[in-house]
$ cat data00.txt   # compact mmCIF, C-alpha atoms and all ligand atoms
# COMPACT_ATOMS: atom_id res chain seq x y z
CA MET Z 1 92.51 226.19 276.24
CA ASP Z 2 89.72 224.16 274.78
CA PRO Z 3 91.29 221.22 272.90
CA ILE Z 4 88.13 220.90 270.85
CA THR Z 5 88.78 224.20 269.10
CA ASN Z 6 92.55 223.63 268.80
CA PRO Z 7 93.12 224.46 265.12
CA TYR Z 8 96.58 222.94 264.60
CA SER Z 9 97.00 219.69 262.77
CA PRO Z 10 100.24 217.73 263.09
CA GLY Z 11 100.14 214.51 261.08
CA ALA Z 12 101.41 212.95 257.87
CA GLY Z 13 99.45 214.48 255.00
CA THR Z 14 97.06 216.32 257.35
CA PRO Z 15 96.16 219.68 255.76
CA PRO Z 16 97.33 222.60 257.89
CA PRO Z 17 94.85 225.28 258.97
CA GLU Z 18 97.03 227.78 257.07
CA LEU Z 19 99.21 226.61 254.19
CA ALA Z 20 101.87 229.24 254.69
CA GLY Z 21 104.65 230.25 252.32
CA ARG Z 22 103.71 228.10 249.35
CA ASP Z 23 101.91 230.55 247.06
CA GLU Z 24 104.77 230.75 244.60
CA LEU Z 25 104.87 226.98 244.14
CA LEU Z 26 101.10 226.74 243.82
CA ASN Z 27 101.22 229.40 241.16
CA LYS Z 28 104.08 227.75 239.31
CA VAL Z 29 102.09 224.54 239.00
CA ARG Z 30 98.94 226.41 238.02
CA ILE Z 31 100.80 228.10 235.16
CA ALA Z 32 102.56 224.91 234.03
CA ILE Z 33 99.40 222.82 233.77
CA GLU Z 34 97.43 225.61 232.11
CA ARG Z 35 100.19 225.90 229.49
CA ILE Z 36 100.08 222.15 228.94
CA ARG Z 37 96.32 222.30 228.46
CA ARG Z 38 96.83 224.91 225.75
CA GLY Z 39 99.37 222.77 223.93
CA ARG Z 40 102.30 224.91 225.05
CA SER Z 41 105.51 223.58 226.49
CA ALA Z 42 106.14 223.50 230.22
CA GLN Z 43 108.53 221.57 232.40
CA SER Z 44 107.00 218.99 234.70
CA ILE Z 45 107.45 219.93 238.32
CA LEU Z 46 109.01 217.65 240.90
CA MET Z 47 109.08 219.07 244.40
CA LEU Z 48 111.94 217.93 246.60
CA GLY Z 49 112.05 218.16 250.35
CA LEU Z 50 112.87 216.50 253.62
CA ARG Z 51 110.36 214.59 255.73
CA GLY Z 52 107.57 216.67 257.21
CA VAL Z 53 108.07 219.86 255.17
CA GLY Z 54 104.62 219.64 253.60
CA LYS Z 55 105.08 217.97 250.22
CA THR Z 56 102.00 215.79 250.51
CA VAL Z 57 99.64 218.54 251.61
CA LEU Z 58 100.98 220.75 248.84
CA LEU Z 59 100.39 218.07 246.26
CA ASP Z 60 96.84 217.58 247.56
CA GLN Z 61 96.17 221.31 247.41
CA MET Z 62 97.51 221.50 243.86
CA ARG Z 63 95.32 218.62 242.89
CA ASP Z 64 92.22 220.22 244.41
CA ASN Z 65 93.01 223.45 242.57
CA ALA Z 66 93.48 221.57 239.31
CA GLU Z 67 90.21 219.66 239.68
CA ALA Z 68 88.39 222.86 240.51
CA THR Z 69 89.61 224.43 237.27
CA GLY Z 70 88.57 221.56 235.03
CA PHE Z 71 91.63 219.31 234.86
CA TYR Z 72 91.48 215.55 235.09
CA THR Z 73 93.83 214.34 237.79
CA LEU Z 74 95.28 211.17 239.21
CA ARG Z 75 96.61 210.98 242.73
CA ILE Z 76 99.15 208.28 243.44
CA GLU Z 77 101.53 207.54 246.29
CA ALA Z 78 104.41 205.28 245.35
CA PRO Z 79 104.86 202.64 248.02
CA GLU Z 80 108.19 200.89 248.50
CA SER Z 81 106.98 197.73 246.82
CA LEU Z 82 104.46 198.21 243.97
CA SER Z 83 105.50 198.52 240.31
CA LEU Z 84 104.79 201.70 238.35
CA PRO Z 85 102.29 200.07 235.96
CA ALA Z 86 100.42 198.55 238.90
CA LEU Z 87 100.31 201.97 240.49
CA ILE Z 88 99.15 203.88 237.47
CA ALA Z 89 96.72 201.50 235.76
CA PRO Z 90 93.75 201.63 238.19
CA GLU Z 91 93.99 205.40 238.60
CA LEU Z 92 94.16 205.98 234.86
CA ARG Z 93 91.10 203.84 234.44
CA VAL Z 94 89.06 206.02 236.78
CA THR Z 95 90.27 209.15 235.01
CA LEU Z 96 89.43 207.72 231.60
CA LEU Z 97 85.98 206.64 232.71
CA ARG Z 98 85.37 210.22 233.84
CA LEU Z 99 86.73 211.59 230.57
CA SER Z 100 84.45 209.27 228.63
CA LYS Z 101 81.47 211.19 230.04
CA VAL Z 102 82.56 214.23 228.03
CA GLU Z 103 80.74 214.00 224.72
CA GLN Z 104 83.59 215.27 222.46
CA ALA Z 105 86.09 212.98 224.19
CA LYS Z 106 83.97 209.85 224.36
CA THR Z 107 85.34 207.93 221.35
CA TYR Z 108 88.96 208.63 222.24
CA SER Z 109 88.45 207.87 225.92
CA VAL Z 110 87.08 204.49 224.97
CA LEU Z 111 90.08 203.95 222.71
CA ALA Z 112 92.36 204.88 225.62
CA LEU Z 113 90.47 202.42 227.84
CA ARG Z 114 91.09 199.77 225.22
CA ALA Z 115 94.76 200.76 225.25
CA LEU Z 116 94.68 200.32 229.00
CA ALA Z 117 93.17 196.86 228.62
CA GLY Z 118 95.96 195.89 226.21
CA PHE Z 119 98.57 197.45 228.48
CA ALA Z 120 97.38 195.63 231.59
CA THR Z 121 96.91 192.29 229.88
CA ALA Z 122 100.25 192.29 228.08
CA LEU Z 123 102.26 193.51 231.08
CA LYS Z 124 100.58 191.28 233.62
CA VAL Z 125 103.10 188.58 232.71
CA LYS Z 126 105.99 190.74 233.88
CA PHE Z 127 104.24 192.83 236.53
CA GLN Z 128 102.00 190.42 238.37
CA ASP Z 129 100.92 193.14 240.78
CA ILE Z 130 98.80 194.89 238.12
CA GLU Z 131 95.18 194.79 239.26
CA VAL Z 132 92.71 196.77 237.20
CA GLY Z 133 89.14 196.38 236.05
CA LEU Z 134 88.86 196.10 232.28
CA ASP Z 135 85.86 197.79 230.75
CA PHE Z 136 86.64 197.14 227.07
CA GLU Z 137 88.41 194.58 224.93
CA PRO Z 138 92.02 195.44 224.02
CA GLU Z 139 92.61 196.97 220.60
CA PRO Z 140 95.16 194.66 218.97
CA GLY Z 141 98.47 196.46 218.48
CA LEU Z 142 97.63 199.31 220.85
CA ALA Z 143 99.89 199.44 223.92
CA ASP Z 144 99.96 195.64 224.09
CA ASN Z 145 103.55 194.71 223.15
CA GLY Z 146 104.42 193.60 226.65
CA ASP Z 147 107.31 196.06 226.65
CA LEU Z 148 106.77 198.68 229.35
CA ALA Z 149 108.63 201.51 227.59
CA HIS Z 150 106.66 201.18 224.39
CA ASP Z 151 103.32 200.40 225.98
CA LEU Z 152 103.36 203.18 228.55
CA ALA Z 153 104.22 205.77 225.89
CA ALA Z 154 101.40 204.47 223.68
CA LEU Z 155 98.96 204.45 226.60
CA LEU Z 156 99.79 207.99 227.71
CA GLU Z 157 99.50 209.19 224.13
CA ALA Z 158 96.02 207.69 223.91
CA VAL Z 159 95.16 209.37 227.21
CA GLY Z 160 96.55 212.66 225.91
CA ILE Z 161 94.46 212.55 222.78
CA ALA Z 162 91.29 211.97 224.82
CA ALA Z 163 92.19 214.82 227.18
CA LYS Z 164 92.85 217.12 224.25
CA LYS Z 165 89.47 216.31 222.73
CA ALA Z 166 87.91 217.26 226.06
CA GLY Z 167 89.76 220.59 225.99
CA SER Z 168 91.49 219.64 229.20
CA ALA Z 169 94.68 217.95 230.45
CA VAL Z 170 95.46 214.90 232.54
CA VAL Z 171 97.75 215.70 235.44
CA MET Z 172 99.33 212.86 237.39
CA PHE Z 173 100.16 213.82 240.96
CA ILE Z 174 102.65 211.30 242.31
CA ASP Z 175 103.97 211.40 245.86
CA GLU Z 176 107.08 209.58 247.21
CA LEU Z 177 108.47 209.27 243.68
CA GLN Z 178 111.89 208.33 245.06
CA TYR Z 179 110.53 204.84 245.71
CA VAL Z 180 109.91 204.11 242.02
CA GLU Z 181 112.63 201.86 240.58
CA GLU Z 182 115.09 203.69 238.33
CA ASP Z 183 114.28 201.67 235.21
CA GLN Z 184 110.58 202.41 235.70
CA LEU Z 185 111.32 206.08 236.28
CA ALA Z 186 113.20 206.08 232.99
CA VAL Z 187 110.16 204.68 231.23
CA LEU Z 188 107.87 207.26 232.80
CA ILE Z 189 110.21 210.08 231.80
CA SER Z 190 110.42 208.96 228.19
CA ALA Z 191 106.64 208.47 227.94
CA LEU Z 192 106.12 212.02 229.22
CA HIS Z 193 108.77 213.24 226.82
CA ARG Z 194 106.88 211.66 223.95
CA CYS Z 195 103.65 213.37 225.00
CA ALA Z 196 105.49 216.70 225.27
CA GLN Z 197 106.92 216.27 221.78
CA ARG Z 198 103.46 215.60 220.42
CA LYS Z 199 102.02 218.52 222.42
CA LEU Z 200 99.60 216.19 224.14
CA PRO Z 201 98.20 217.46 227.43
CA VAL Z 202 99.52 214.88 229.89
CA THR Z 203 101.90 215.88 232.62
CA LEU Z 204 103.32 214.95 235.97
CA VAL Z 205 103.52 216.89 239.20
CA GLY Z 206 105.57 214.91 241.66
CA ALA Z 207 107.08 215.05 245.09
CA GLY Z 208 109.81 213.15 246.82
CA LEU Z 209 112.86 213.16 249.03
CA PRO Z 210 115.92 215.06 247.78
CA GLN Z 211 117.54 211.88 246.44
CA LEU Z 212 114.88 211.88 243.71
CA ARG Z 213 116.82 214.42 241.68
CA GLY Z 214 119.83 212.12 241.31
CA ARG Z 215 117.61 209.15 240.57
CA MET Z 216 115.88 211.03 237.77
CA GLY Z 217 119.21 212.10 236.29
CA ARG Z 218 120.56 208.57 236.39
CA ALA Z 219 117.35 207.18 234.91
CA LYS Z 220 117.47 209.58 231.93
CA SER Z 221 120.23 212.07 231.35
CA TYR Z 222 117.84 214.56 229.73
CA ALA Z 223 115.53 214.55 232.77
CA GLU Z 224 117.17 217.75 234.00
CA ARG Z 225 115.80 219.61 230.97
CA LEU Z 226 112.35 218.09 231.12
CA PHE Z 227 111.76 218.70 234.80
CA GLU Z 228 112.02 221.52 237.23
CA PHE Z 229 112.98 220.57 240.78
CA PRO Z 230 111.80 223.25 243.20
CA ASP Z 231 112.80 222.80 246.83
CA VAL Z 232 110.15 222.60 249.49
CA GLY Z 233 111.90 223.64 252.66
CA ALA Z 234 111.40 224.98 256.14
CA LEU Z 235 109.35 228.18 256.44
CA ASN Z 236 111.12 231.46 257.05
CA GLU Z 237 110.30 233.45 260.18
CA GLU Z 238 107.54 235.49 258.58
CA GLU Z 239 105.85 232.48 256.98
CA ALA Z 240 106.13 230.49 260.20
CA ALA Z 241 104.57 233.37 262.13
CA LEU Z 242 101.64 233.32 259.73
CA ALA Z 243 101.26 229.54 260.05
CA ILE Z 244 101.16 229.94 263.83
CA THR Z 245 99.10 233.09 264.37
CA LYS Z 246 96.47 233.01 261.66
CA PRO Z 247 94.71 229.80 262.75
CA ALA Z 248 94.65 231.08 266.35
CA GLU Z 249 93.29 234.46 265.29
CA GLU Z 250 90.45 232.74 263.52
CA GLU Z 251 89.50 231.24 266.89
CA GLY Z 252 89.84 234.65 268.58
CA VAL Z 253 93.14 233.72 270.26
CA GLU Z 254 96.35 235.80 270.29
CA LEU Z 255 99.96 234.78 270.76
CA GLU Z 256 102.64 236.99 272.34
CA THR Z 257 105.41 237.94 269.92
CA GLY Z 258 107.92 236.12 272.13
CA ALA Z 259 105.81 232.98 272.02
CA VAL Z 260 105.78 232.98 268.22
CA ALA Z 261 109.53 233.61 268.06
CA ALA Z 262 110.15 230.74 270.49
CA ILE Z 263 108.12 228.30 268.40
CA PHE Z 264 110.09 229.33 265.32
CA LYS Z 265 113.38 228.84 267.15
CA GLN Z 266 112.48 225.43 268.56
CA THR Z 267 111.14 224.11 265.25
CA ASN Z 268 113.64 225.72 262.84
CA GLY Z 269 110.56 226.57 260.78
CA TYR Z 270 109.80 222.94 259.86
CA PRO Z 271 106.07 222.70 259.19
CA TYR Z 272 105.41 219.40 260.97
CA PHE Z 273 107.13 220.66 264.10
CA ILE Z 274 105.34 224.00 263.92
CA GLN Z 275 101.99 222.19 264.01
CA GLU Z 276 103.09 220.03 266.93
CA TRP Z 277 104.48 222.96 268.97
CA ALA Z 278 101.57 225.27 268.31
CA LYS Z 279 99.10 222.51 269.16
CA SER Z 280 100.84 221.77 272.47
CA ALA Z 281 101.14 225.48 273.34
CA TRP Z 282 97.40 225.89 272.78
CA ASP Z 283 96.64 222.93 275.01
CA VAL Z 284 98.96 224.16 277.77
CA ALA Z 285 97.74 227.79 277.77
CA SER Z 286 94.88 228.60 280.09
CA GLU Z 287 93.83 231.76 278.26
CA SER Z 288 94.60 234.12 275.39
CA PRO Z 289 97.24 235.38 274.72
CA ILE Z 290 99.47 232.30 274.56
CA THR Z 291 102.70 233.28 276.31
CA LEU Z 292 106.38 232.40 276.10
CA ASP Z 293 105.97 230.40 279.34
CA ASP Z 294 103.21 228.39 277.68
CA VAL Z 295 105.52 227.59 274.77
CA ASP Z 296 108.34 226.61 277.12
CA ALA Z 297 106.00 224.30 279.02
CA ALA Z 298 104.69 222.92 275.74
CA SER Z 299 108.11 221.96 274.44
CA THR Z 300 108.38 218.81 276.53
CA ILE Z 301 104.95 217.71 275.37
CA ALA Z 302 105.67 218.51 271.72
CA ILE Z 303 108.97 216.60 271.80
CA ALA Z 304 107.31 213.62 273.49
CA ALA Z 305 104.56 213.64 270.86
CA LEU Z 306 107.10 213.71 268.03
CA ASP Z 307 109.21 211.02 269.67
CA SER Z 308 106.25 208.70 269.89
CA SER Z 309 105.01 209.32 266.33
CA PHE Z 310 106.94 211.22 263.67
CA PHE Z 311 110.37 209.96 264.75
CA ARG Z 312 109.34 206.67 266.28
CA VAL Z 313 107.64 205.16 263.21
CA ARG Z 314 110.89 205.63 261.33
CA PHE Z 315 113.08 204.31 264.12
CA ASP Z 316 111.01 201.15 264.54
CA ARG Z 317 111.62 200.12 260.93
CA LEU Z 318 115.41 200.14 261.29
CA THR Z 319 117.63 197.10 261.68
CA PRO Z 320 120.16 197.11 264.55
CA SER Z 321 123.05 197.97 262.22
CA GLU Z 322 121.02 200.81 260.66
CA LYS Z 323 120.31 202.17 264.13
CA ARG Z 324 124.01 202.10 264.90
CA TYR Z 325 124.84 203.90 261.65
CA LEU Z 326 122.33 206.67 262.32
CA ARG Z 327 123.39 206.94 265.94
CA ALA Z 328 127.00 207.39 264.83
CA MET Z 329 125.83 210.14 262.45
CA ALA Z 330 123.91 211.79 265.27
CA ASP Z 331 127.06 211.78 267.38
CA LEU Z 332 128.66 213.99 264.75
CA GLY Z 333 125.78 216.52 264.84
CA PRO Z 334 123.04 217.55 262.39
CA GLY Z 335 125.21 217.00 259.30
CA PRO Z 336 125.82 216.50 256.45
CA HIS Z 337 128.78 214.29 257.33
CA ARG Z 338 131.56 212.67 255.36
CA SER Z 339 130.97 208.93 255.01
CA GLY Z 340 134.51 208.40 256.25
CA ASP Z 341 133.80 210.26 259.47
CA ILE Z 342 130.70 208.15 260.13
CA ALA Z 343 132.64 204.94 259.51
CA GLY Z 344 135.31 206.34 261.82
CA LYS Z 345 132.75 206.77 264.60
CA LEU Z 346 131.69 203.18 264.04
CA GLU Z 347 135.35 202.12 264.07
CA ARG Z 348 134.81 200.28 260.79
CA PRO Z 349 136.28 200.62 257.28
CA VAL Z 350 134.10 202.72 254.93
CA GLN Z 351 133.50 199.81 252.54
CA SER Z 352 132.17 197.55 255.25
CA VAL Z 353 129.42 199.99 256.23
CA ALA Z 354 128.58 200.95 252.63
CA PRO Z 355 125.77 198.35 252.33
CA VAL Z 356 124.06 199.72 255.44
CA ARG Z 357 124.38 203.25 254.05
CA ASN Z 358 122.94 202.15 250.70
CA ASN Z 359 119.95 200.52 252.36
CA LEU Z 360 119.29 203.64 254.40
CA ILE Z 361 119.36 205.74 251.24
CA LYS Z 362 117.01 203.31 249.53
CA SER Z 363 114.52 203.34 252.39
CA GLY Z 364 114.68 207.14 252.45
CA MET Z 365 116.26 207.73 255.87
CA ILE Z 366 119.36 209.48 254.57
CA TRP Z 367 120.57 211.03 251.32
CA SER Z 368 123.74 212.25 249.77
CA PRO Z 369 123.78 216.01 249.04
CA TYR Z 370 127.25 215.68 247.49
CA HIS Z 371 129.34 212.70 246.60
CA GLY Z 372 130.65 211.11 249.78
CA ASP Z 373 128.38 213.17 252.03
CA THR Z 374 125.53 211.80 254.07
CA ALA Z 375 122.61 213.71 255.61
CA PHE Z 376 119.38 212.84 257.40
CA THR Z 377 116.14 213.16 255.43
CA VAL Z 378 114.24 213.66 258.69
CA PRO Z 379 114.86 217.11 260.22
CA LEU Z 380 116.20 217.06 263.80
CA PHE Z 381 116.67 213.29 263.65
CA ASP Z 382 120.12 213.65 265.20
CA ASP Z 383 118.62 214.99 268.44
CA PHE Z 384 116.05 212.21 268.46
CA MET Z 385 118.72 209.50 268.00
CA GLN Z 386 120.62 210.94 270.95
CA ARG Z 387 117.46 210.94 273.07
CA ILE Z 388 116.44 207.39 272.24
CA LEU Z 389 119.93 205.89 272.42
CA PRO Z 390 121.68 208.04 275.02
CA GLY Z 391 125.24 207.54 276.20
CA ASP Z 392 127.73 205.15 274.62
CA GLU Z 393 125.96 201.83 274.97
CA TRP Z 394 124.86 201.79 271.33
CA LYS Z 395 128.47 201.17 270.37
CA ALA Z 396 128.47 197.82 272.13
CA VAL Z 397 125.14 196.56 270.75
N1 LIG E 401 102.94 225.38 254.47
C1 LIG E 401 102.61 224.88 255.66
N2 LIG E 401 102.28 225.67 256.69
C2 LIG E 401 101.94 225.13 257.87
N3 LIG E 401 101.90 223.82 258.14
C3 LIG E 401 102.20 222.97 257.15
C4 LIG E 401 102.57 223.45 255.86
N4 LIG E 401 102.84 222.40 255.07
C5 LIG E 401 102.64 221.30 255.83
N5 LIG E 401 102.25 221.62 257.07
C6 LIG E 401 101.99 220.65 258.15
O1 LIG E 401 103.15 219.84 258.25
C7 LIG E 401 102.83 218.47 258.47
C8 LIG E 401 103.53 217.60 257.44
O2 LIG E 401 102.99 217.79 256.15
P1 LIG E 401 103.16 216.65 255.02
O3 LIG E 401 102.73 215.33 255.54
O4 LIG E 401 102.54 217.17 253.80
O5 LIG E 401 104.76 216.64 254.84
P2 LIG E 401 105.61 215.73 253.83
O6 LIG E 401 106.67 216.62 253.28
O7 LIG E 401 104.72 215.06 252.87
O8 LIG E 401 106.28 214.68 254.81
P3 LIG E 401 106.78 213.18 254.49
O9 LIG E 401 108.04 213.33 253.69
O10 LIG E 401 107.04 212.59 255.84
O11 LIG E 401 105.68 212.48 253.74
C9 LIG E 401 101.32 218.40 258.48
O12 LIG E 401 100.89 218.37 259.82
C10 LIG E 401 100.86 219.69 257.81
O13 LIG E 401 99.63 220.12 258.34
MG MG E 402 104.37 213.09 252.46
$ encode --input "data00.txt" --output "structure tokens" --more "lines below"
Ligand SMILES: Nc1ncnc2c1ncn2[C@@H]1O[C@H](COP(=O)(O)OP(=O)(O)OP(=O)(O)O)[C@@H](O)[C@H]1O
Ligand SMILES: [Mg+2]
Amino acid sequence: MDPITNPYSPGAGTPPPELAGRDELLNKVRIAIERIRRGRSAQSILMLGLRGVGKTVLLDQMRDNAEATGFYTLRIEAPESLSLPALIAPELRVTLLRLSKVEQAKTYSVLALRALAGFATALKVKFQDIEVGLDFEPEPGLADNGDLAHDLAALLEAVGIAAKKAGSAVVMFIDELQYVEEDQLAVLISALHRCAQRKLPVTLVGAGLPQLRGRMGRAKSYAERLFEFPDVGALNEEEAALAITKPAEEEGVELETGAVAAIFKQTNGYPYFIQEWAKSAWDVASESPITLDDVDAASTIAIAALDSSFFRVRFDRLTPSEKRYLRAMADLGPGPHRSGDIAGKLERPVQSVAPVRNNLIKSGMIWSPYHGDTAFTVPLFDDFMQRILPGDEWKAV
């Protein structure tokens, strides 16, 4: 059918035509930030999920909703390299400049901008990656100690006071939080804790890979109490059916029940894969309704598309020994697997492959659901590894 009207949208962070199955989470965040605005307590929400489940699009939707209801938001994606202060400073500045337009909040927004100036200037020595425009002179003694823990808490407090004066709240939406260094996570947690204690309306809504939970706990033992960690997972059959059929219906196109069931089966309900399969099925079909045969024919195309994008970008970043490690995991099946079994496949002692495993956890390719267990963070990556490195030759490389 006409590719121009194809409604599906596979892609990292690309909003789906129908955001299926996430109403409960959207509502949870709506309630939490509204409570914060009113000076009531609420846990910050950190969504955990594998690659391609829809964390980024959910975070974007939550942010849009928050902006539409009068909150001041920041949207940040933690890269693997930048420091937390470098990440936050420029975004906070924009938020504060916007807050300073609110008459009742003007004085305190300017004070917070002066705090930001002190913060950036004092920490620049330690975090050379901080780049932020300074609109005001620092206020001596305000967030300018040069100690991140102290200065971030002071800065966020100043932000909170300005937000409170505006009758609003500042909500920081941070994606890929697992990439923030543990000591910097600790500082962020304690600064948020301080704001919570003072009932100041500043909060965090974050997203990351499942390893984030352990990182938060290690960074601050009380993080478990301060945060809620809802899982963002695959869609169930009903939600997946909605994600598949509703966008088509809006274009006047039907899908046979068997076609929908087949897409669910092939994709295990993973949102990224659903978009890819539905898109290919649409392209293959010559007319409505889209049939089971269309879906079968589309599978090869969908897999090829995923292999050359979703999976491939991750594969290309791996070192040869990381590829071998993941290929050995794939040999054992979808997982999780015992680290000893993986080392066994590699015919190496566990300790000698531990550094490779650690690097893979750090770069977000794998995680450890339980001590000594290892699982892929990318759904269906085991099948991909078998496709791209078939046979036994990988062992010799
Ligand atoms: N609830 C949903 N219903 C249907 N499709 C969805 C849903 N959530 C996400 N998608 C689709 O899934 C794909 C992946 O979404 P997104 O990039 O947000 O995932 P992610 O969890 O952030 O992945 P990564 O960990 O790789 O960053 C996108 O094409 C998006 O349109
Ligand atoms: Mg994402």
$ residues_near_ligand --input "data00.txt" --ligand "ligand LIG 401 (chain E)" --cutoff "7 Å" --atoms "all atoms listed in the file" --output "PyMOL selection string"
chain Z and resi 9-16+18-22+49-58+209+243+271-272+274-275
$ closest_residue --input "data00.txt" --among "Z:Gly340, Z:Pro390, Z:Pro17, Z:Gly364" --to "ligand MG 402 (chain E)" --atoms "all atoms listed in the file"
Z:Gly364
$ residues_around --input "data00.txt" --residues "range 318-331 of chain Z" --least-positions-apart "3" --cutoff "6 Å" --atoms "all atoms listed in the file" --output "VMD selection string"
chain Z and resid 315 342 345 382 385
$ atom_distance --input "data00.txt" --atom1 "CA of Gly146 in chain Z" --atom2 "CA of Leu96 in chain Z"
21.2 Å
$ closest_atom_pairs --input "data00.txt" --of "range 49-91 of chain Z" --to "range 101-119 of chain Z" --cutoff "12 Å" --atoms "all atoms listed in the file" --output "CSV"
residue,atom,partner,partner_atom,distance
Z:Gly70,CA,Z:Val102,CA,11.8
Z:Tyr72,CA,Z:Val102,CA,11.5
Z:Pro85,CA,Z:Phe119,CA,8.8
Z:Ala86,CA,Z:Phe119,CA,10.6
Z:Ile88,CA,Z:Leu116,CA,10.2
Z:Ala89,CA,Z:Leu116,CA,7.2
Z:Pro90,CA,Z:Leu116,CA,9.3
Z:Glu91,CA,Z:Leu116,CA,10.9
$ atom_distance --input "data00.txt" --atom1 "CA of Phe384 in chain Z" --atom2 "CA of Leu360 in chain Z"
16.8 Å
$ closest_residue --input "data00.txt" --among "Z:Pro379, Z:Pro334, Z:Gly133, Z:Gly233" --to "Val94 in chain Z" --atoms "all atoms listed in the file"
Z:Gly133
$ residues_around --input "data00.txt" --residues "range 294-310 of chain Z" --least-positions-apart "4" --cutoff "9 Å" --atoms "all atoms listed in the file" --output "PyMOL selection string"
chain Z and resi 11-12+52+259-260+262-263+266+272-273+276-286+290+314+384+387-388
$ atom_distance --input "data00.txt" --atom1 "CA of Glu77 in chain Z" --atom2 "CA of Lys199 in chain Z"
26.3 Å
$ residues_around --input "data00.txt" --residues "Tyr222 in chain Z" --least-positions-apart "4" --cutoff "10 Å" --atoms "all atoms listed in the file" --output "MDAnalysis selection string"
chainID Z and resid 189:190 193 216:218 226:227
$ residues_around --input "data00.txt" --residues "range 373-378 of chain Z" --least-positions-apart "3" --cutoff "7 Å" --atoms "all atoms listed in the file" --output "ChimeraX atom specification"
/Z:50-51,335-339,364-370,381
$ closest_residue --input "data00.txt" --among "Z:Leu204, Z:Ile174, Z:Ala186, Z:Val132" --to "Val29 in chain Z" --atoms "only C-alpha atoms"
Z:Leu204
$ closest_residue --input "data00.txt" --among "Z:Lys28, Z:Arg38, Z:Lys164, Z:Lys362" --to "Phe229 in chain Z" --atoms "only C-alpha atoms"
Z:Lys28
$ closest_residue --input "data00.txt" --among "Z:Met47, Z:Ala162, Z:Ile4, Z:Leu123" --to "ligand MG 402 (chain E)" --atoms "all atoms listed in the file"
Z:Met47
